[in-house]
Amino acid sequence: MTYKHYCAVSLAASLLVPTLCLAADWPQYRGPRGDGISTENLSIKPFPPSGPKVLWKVPLRNGFSSFAVSGNRAYTQVNRDLDGSAREVVVALDAANGQEVWFAAVGSGKYDGGGDSGAEDNKGGDGPRSTPTVNGDKVYVFNQHLLLYCLDASTGKTNWTKDLVKEYAGRNIGWKSAASVVTDGDLAFVSGGGPGESLLALNKTSGQVVWKAHDEKTTHATPVVATIQGVRQVIFFMQSGLVSVKAQDGQLLWKFPFRYSVSTASSPVVDGDVVYCSAGYGVGGGACKISRTGDHLTATELYKISGDKKIANHWSTPVVLNGYLYGMFSFKDFGKGPLKCVELATGQIKWEQPGFGPGNVVAVNGQIVALSDKGVLVVVKATPEAYTEITRAQVITGKCWSTPALSDGRLYVRSTKEGACIDLR
């Protein structure tokens with residue numbers, strides 16, 4: 001995690017009581033640890049009748065990519081016409097004012113659906129689904145065709161590329177890849193290769209393959225990196241279920257078989273030694289507990305609850321706080337699907353509140369920050385006792401299937417039409 005220190009006091013006050021505010025970057029999909037939880041000490045107050053302060057709002061055409069925020073830049077992916085051709089493009093915006101600093105084309109911008117014909121505002125809804133990953137002075141982008149780019153964070157110039165289809169017998173998925181790159185230490189992790197090389201770890205500086213292994217068919221889900229039972233591991237949510245491997249060498253640690261149907265798009269959620277996963281299309285949610293005997297790890301099923309009406313997450317990955325999941329649990333219930341609190345250990349629903357649809361949530365300081373699929377920002381207390389709303393406001397227009405990013409008290413949100421920076425301080 002990268003930290004920035006700010007001191008915002010007058011000269012007179014600084015002579016008496018120096019003030020230090022700690023703010024964390026949000027450098028990848030679902031934040032610094034990939035769990036959707038901010039480390040900032042931010043208490044969000046009820047918005048005034050006019051809504052929260054909007055620092056900037058800019059057009060961002062098409063795509064479900066979220067923002068990654070690092071240093072003074074906010075990065076996302078859009079669909080843009082360049083020289084008469086639709087292209088998938090990474091844009092770097094000035095985080096303070098939303099002005100574009102640079103853009104870089106990273107592949108074809110033609111998509112074979114996936115914006116969902118049943119959703120409002122489907123026209124123009126297709127576009128990049130992956131989110132850039134920022135690590136130091138580099139930005140990593142995984143496009144829809146399994147082409148991995150490493151770009152210079154300051155200029156957008158390409159450092160290196162890897163084509164999983166051509167170089168590693170890659171096997172794409174219907175609606176094409178939506179996963180984001182995950183980094184840990186010196187490594188960058190992706191999936192999508194062929195037999196014996198379906199999961200890959202690359203040196204993040206050179207792009208050289210450090211390890212490649214396994215024969216797994218990819219999904220739309222972004223993997224997570226976690227330490228469970230003292231072992232650093234990467235958990236991929238594949239068509240066979242959860243597949244966990246050692247981060248440093250790719251050795252298989254454990255598997256949790258889980259049904260696949262059409263699309264698996266939400267990421268695994270880790271809380272201590274419990275891992276939760278879920279999918280739509282009738283699959284539902286489930287959890288396993290990881291135990292250790294010597295050097296051997298085992299995944300034991302806690303529950304599997306099938307169907308789309310209980311604990312199914314389509315692409316809306318929940319957050320976990322104090323043993324409870326908070327998130328949008330629904331399937332194709334656009335504009336209506338509920339925000340729910342679910343007990344992680346049992347899958348029991350503690351409360352639910354309709355009217356959110358398949359948006360996404362993040363958490364900060366015991367608060368759930370939820371962005372509905374119609375751009376309504378709602379702040380809720382993270383408590384299993386009851387749905388307790390703190391405040392809400394319409395902050396953006398268009399179809400919002402991306403995940404908010406929180407950095408320095410500023411919430412970066414986007415839709416298929418625009419992006420905005422909301423001051424929550």
# chains A, B, ... in the order shown; residues from 1 in each chain; ligands from 1
$ select_by_dssp --residues "stretch 251-383 of chain A" --states "strand (DSSP E or B)" --output "PyMOL selection string"
chain A and resi 252-257+269-271+274-279+284-293+296-305+313+319-321+324-328+330+339-343+349-353+360-364+367-371+376-381
$ residues_around --residues "stretch 312-326 of chain A" --least-positions-apart "6" --cutoff "6 Å" --atoms "only C-alpha atoms" --output "number ranges by chain"
A: 36, 265-267, 278-280, 284-285, 340-344, 360
$ write_last_selection --atoms "C-alpha atoms" --output "mmCIF file, in the first residue's frame"
data_model
loop_
_atom_site.group_PDB
_atom_site.id
_atom_site.type_symbol
_atom_site.label_atom_id
_atom_site.label_comp_id
_atom_site.auth_asym_id
_atom_site.auth_seq_id
_atom_site.Cartn_x
_atom_site.Cartn_y
_atom_site.Cartn_z
ATOM 1 C CA GLY A 36 -13.121 -3.298 -0.919
ATOM 2 C CA ALA A 265 -17.866 -12.520 -12.148
ATOM 3 C CA SER A 266 -17.608 -11.641 -8.447
ATOM 4 C CA SER A 267 -14.279 -12.067 -6.650
ATOM 5 C CA SER A 278 -20.909 -16.573 -5.361
ATOM 6 C CA ALA A 279 -22.310 -16.393 -8.890
ATOM 7 C CA GLY A 280 -25.550 -15.722 -10.737
ATOM 8 C CA GLY A 284 -25.903 -18.884 -5.596
ATOM 9 C CA GLY A 285 -23.321 -18.521 -2.835
ATOM 10 C CA LYS A 340 -28.149 -7.269 2.185
ATOM 11 C CA CYS A 341 -26.281 -8.176 5.350
ATOM 12 C CA VAL A 342 -25.390 -11.880 5.436
ATOM 13 C CA GLU A 343 -23.698 -13.836 8.204
ATOM 14 C CA LEU A 344 -20.528 -15.189 6.626
ATOM 15 C CA ASN A 360 -21.293 -2.197 -5.790
#
$ closest_residue --among "A:Ala105, A:Ala178, A:Ala226, A:Ile390" --to "A:Ser65" --atoms "only C-alpha atoms"
A:Ala178
$ closest_residue --among "A:Gly185, A:Gly250, A:Gly230, A:Gly84" --to "A:Leu200" --atoms "only C-alpha atoms"
A:Gly250
$ atom_distance --atom1 "atom CA of A:Val262" --atom2 "atom CA of A:Ala221"
12.4 Å
$ decode --residues "stretch 147-192 of chain A" --atoms "N, CA and C atoms" --output "mmCIF file, in the first residue's frame"
data_model
loop_
_atom_site.group_PDB
_atom_site.id
_atom_site.type_symbol
_atom_site.label_atom_id
_atom_site.label_comp_id
_atom_site.auth_asym_id
_atom_site.auth_seq_id
_atom_site.Cartn_x
_atom_site.Cartn_y
_atom_site.Cartn_z
ATOM 1 N N LEU A 147 -4.863 -9.758 -23.530
ATOM 2 C CA LEU A 147 -3.591 -9.102 -23.818
ATOM 3 C C LEU A 147 -3.227 -8.229 -22.625
ATOM 4 N N LEU A 148 -2.077 -8.506 -22.016
ATOM 5 C CA LEU A 148 -1.624 -7.803 -20.823
ATOM 6 C C LEU A 148 -0.636 -6.708 -21.197
ATOM 7 N N TYR A 149 -0.924 -5.489 -20.745
ATOM 8 C CA TYR A 149 -0.060 -4.346 -20.983
ATOM 9 C C TYR A 149 0.558 -3.868 -19.675
ATOM 10 N N CYS A 150 1.819 -3.488 -19.747
ATOM 11 C CA CYS A 150 2.469 -2.756 -18.670
ATOM 12 C C CYS A 150 2.823 -1.377 -19.216
ATOM 13 N N LEU A 151 2.213 -0.327 -18.643
ATOM 14 C CA LEU A 151 2.385 1.033 -19.124
ATOM 15 C C LEU A 151 3.130 1.875 -18.109
ATOM 16 N N ASP A 152 3.785 2.914 -18.593
ATOM 17 C CA ASP A 152 4.410 3.894 -17.720
ATOM 18 C C ASP A 152 3.314 4.768 -17.116
ATOM 19 N N ALA A 153 3.271 4.866 -15.785
ATOM 20 C CA ALA A 153 2.194 5.589 -15.120
ATOM 21 C C ALA A 153 2.209 7.084 -15.403
ATOM 22 N N SER A 154 3.354 7.633 -15.736
ATOM 23 C CA SER A 154 3.460 9.070 -15.982
ATOM 24 C C SER A 154 3.070 9.458 -17.397
ATOM 25 N N THR A 155 3.344 8.575 -18.359
ATOM 26 C CA THR A 155 3.174 8.935 -19.768
ATOM 27 C C THR A 155 2.195 8.050 -20.533
ATOM 28 N N GLY A 156 1.922 6.845 -20.035
ATOM 29 C CA GLY A 156 1.087 5.899 -20.759
ATOM 30 C C GLY A 156 1.831 5.100 -21.804
ATOM 31 N N LYS A 157 3.124 5.310 -21.955
ATOM 32 C CA LYS A 157 3.902 4.565 -22.931
ATOM 33 C C LYS A 157 4.030 3.098 -22.508
ATOM 34 N N THR A 158 4.056 2.207 -23.495
ATOM 35 C CA THR A 158 4.099 0.771 -23.228
ATOM 36 C C THR A 158 5.501 0.332 -22.847
ATOM 37 N N ASN A 159 5.625 -0.344 -21.703
ATOM 38 C CA ASN A 159 6.894 -0.955 -21.296
ATOM 39 C C ASN A 159 7.026 -2.361 -21.887
ATOM 40 N N TRP A 160 5.963 -3.160 -21.776
ATOM 41 C CA TRP A 160 5.957 -4.499 -22.347
ATOM 42 C C TRP A 160 4.521 -5.010 -22.450
ATOM 43 N N THR A 161 4.333 -6.031 -23.271
ATOM 44 C CA THR A 161 3.034 -6.675 -23.417
ATOM 45 C C THR A 161 3.196 -8.188 -23.408
ATOM 46 N N LYS A 162 2.119 -8.879 -23.040
ATOM 47 C CA LYS A 162 2.057 -10.331 -23.124
ATOM 48 C C LYS A 162 0.699 -10.713 -23.705
ATOM 49 N N ASP A 163 0.727 -11.515 -24.741
ATOM 50 C CA ASP A 163 -0.485 -11.973 -25.395
ATOM 51 C C ASP A 163 -0.739 -13.420 -24.978
ATOM 52 N N LEU A 164 -1.705 -13.626 -24.063
ATOM 53 C CA LEU A 164 -1.925 -14.962 -23.540
ATOM 54 C C LEU A 164 -2.442 -15.918 -24.602
ATOM 55 N N VAL A 165 -3.175 -15.411 -25.577
ATOM 56 C CA VAL A 165 -3.709 -16.284 -26.619
ATOM 57 C C VAL A 165 -2.579 -16.804 -27.505
ATOM 58 N N LYS A 166 -1.704 -15.922 -27.949
ATOM 59 C CA LYS A 166 -0.634 -16.308 -28.861
ATOM 60 C C LYS A 166 0.540 -16.985 -28.157
ATOM 61 N N GLU A 167 0.857 -16.513 -26.955
ATOM 62 C CA GLU A 167 2.065 -16.997 -26.289
ATOM 63 C C GLU A 167 1.819 -18.160 -25.340
ATOM 64 N N TYR A 168 0.587 -18.286 -24.818
ATOM 65 C CA TYR A 168 0.335 -19.304 -23.798
ATOM 66 C C TYR A 168 -0.941 -20.092 -24.078
ATOM 67 N N ALA A 169 -1.259 -20.250 -25.362
ATOM 68 C CA ALA A 169 -2.418 -21.048 -25.792
ATOM 69 C C ALA A 169 -3.689 -20.621 -25.075
ATOM 70 N N GLY A 170 -3.852 -19.319 -24.939
ATOM 71 C CA GLY A 170 -4.946 -18.776 -24.147
ATOM 72 C C GLY A 170 -6.326 -19.174 -24.632
ATOM 73 N N ARG A 171 -7.249 -19.305 -23.677
ATOM 74 C CA ARG A 171 -8.633 -19.667 -23.950
ATOM 75 C C ARG A 171 -9.533 -18.602 -23.323
ATOM 76 N N ASN A 172 -10.112 -17.780 -24.173
ATOM 77 C CA ASN A 172 -10.968 -16.718 -23.674
ATOM 78 C C ASN A 172 -12.342 -17.265 -23.324
ATOM 79 N N ILE A 173 -13.215 -16.376 -22.882
ATOM 80 C CA ILE A 173 -14.529 -16.752 -22.398
ATOM 81 C C ILE A 173 -15.572 -15.924 -23.121
ATOM 82 N N GLY A 174 -16.821 -16.379 -23.175
ATOM 83 C CA GLY A 174 -17.893 -15.595 -23.763
ATOM 84 C C GLY A 174 -18.009 -14.244 -23.102
ATOM 85 N N TRP A 175 -18.274 -13.201 -23.895
ATOM 86 C CA TRP A 175 -18.272 -11.801 -23.469
ATOM 87 C C TRP A 175 -16.861 -11.305 -23.167
ATOM 88 N N LYS A 176 -15.872 -12.153 -23.423
ATOM 89 C CA LYS A 176 -14.460 -11.793 -23.311
ATOM 90 C C LYS A 176 -14.053 -11.513 -21.853
ATOM 91 N N SER A 177 -12.752 -11.334 -21.650
ATOM 92 C CA SER A 177 -12.204 -11.203 -20.308
ATOM 93 C C SER A 177 -12.682 -9.923 -19.619
ATOM 94 N N ALA A 178 -12.958 -10.050 -18.320
ATOM 95 C CA ALA A 178 -13.334 -8.901 -17.498
ATOM 96 C C ALA A 178 -12.447 -8.772 -16.269
ATOM 97 N N ALA A 179 -11.524 -9.708 -16.077
ATOM 98 C CA ALA A 179 -10.698 -9.730 -14.870
ATOM 99 C C ALA A 179 -9.629 -8.647 -14.911
ATOM 100 N N SER A 180 -9.212 -8.228 -13.722
ATOM 101 C CA SER A 180 -8.136 -7.251 -13.586
ATOM 102 C C SER A 180 -6.863 -7.933 -13.098
ATOM 103 N N VAL A 181 -5.743 -7.296 -13.354
ATOM 104 C CA VAL A 181 -4.453 -7.804 -12.893
ATOM 105 C C VAL A 181 -4.350 -7.625 -11.376
ATOM 106 N N VAL A 182 -3.748 -8.602 -10.705
ATOM 107 C CA VAL A 182 -3.470 -8.502 -9.277
ATOM 108 C C VAL A 182 -1.963 -8.591 -9.083
ATOM 109 N N THR A 183 -1.403 -7.694 -8.283
ATOM 110 C CA THR A 183 0.032 -7.726 -8.016
ATOM 111 C C THR A 183 0.297 -8.034 -6.546
ATOM 112 N N ASP A 184 1.445 -8.632 -6.291
ATOM 113 C CA ASP A 184 1.876 -8.915 -4.919
ATOM 114 C C ASP A 184 3.380 -9.079 -4.936
ATOM 115 N N GLY A 185 4.072 -8.257 -4.176
ATOM 116 C CA GLY A 185 5.527 -8.303 -4.214
ATOM 117 C C GLY A 185 6.032 -7.954 -5.594
ATOM 118 N N ASP A 186 6.859 -8.831 -6.163
ATOM 119 C CA ASP A 186 7.418 -8.603 -7.497
ATOM 120 C C ASP A 186 6.582 -9.231 -8.606
ATOM 121 N N LEU A 187 5.430 -9.789 -8.258
ATOM 122 C CA LEU A 187 4.677 -10.575 -9.221
ATOM 123 C C LEU A 187 3.354 -9.928 -9.618
ATOM 124 N N ALA A 188 2.930 -10.216 -10.857
ATOM 125 C CA ALA A 188 1.612 -9.846 -11.364
ATOM 126 C C ALA A 188 0.917 -11.125 -11.811
ATOM 127 N N PHE A 189 -0.341 -11.310 -11.399
ATOM 128 C CA PHE A 189 -1.053 -12.572 -11.624
ATOM 129 C C PHE A 189 -2.223 -12.382 -12.586
ATOM 130 N N VAL A 190 -2.371 -13.346 -13.515
ATOM 131 C CA VAL A 190 -3.502 -13.379 -14.438
ATOM 132 C C VAL A 190 -3.867 -14.832 -14.699
ATOM 133 N N SER A 191 -5.057 -15.024 -15.266
ATOM 134 C CA SER A 191 -5.456 -16.355 -15.717
ATOM 135 C C SER A 191 -5.952 -16.251 -17.150
ATOM 136 N N GLY A 192 -6.091 -17.399 -17.807
ATOM 137 C CA GLY A 192 -6.589 -17.401 -19.183
ATOM 138 C C GLY A 192 -5.730 -18.182 -20.154
#
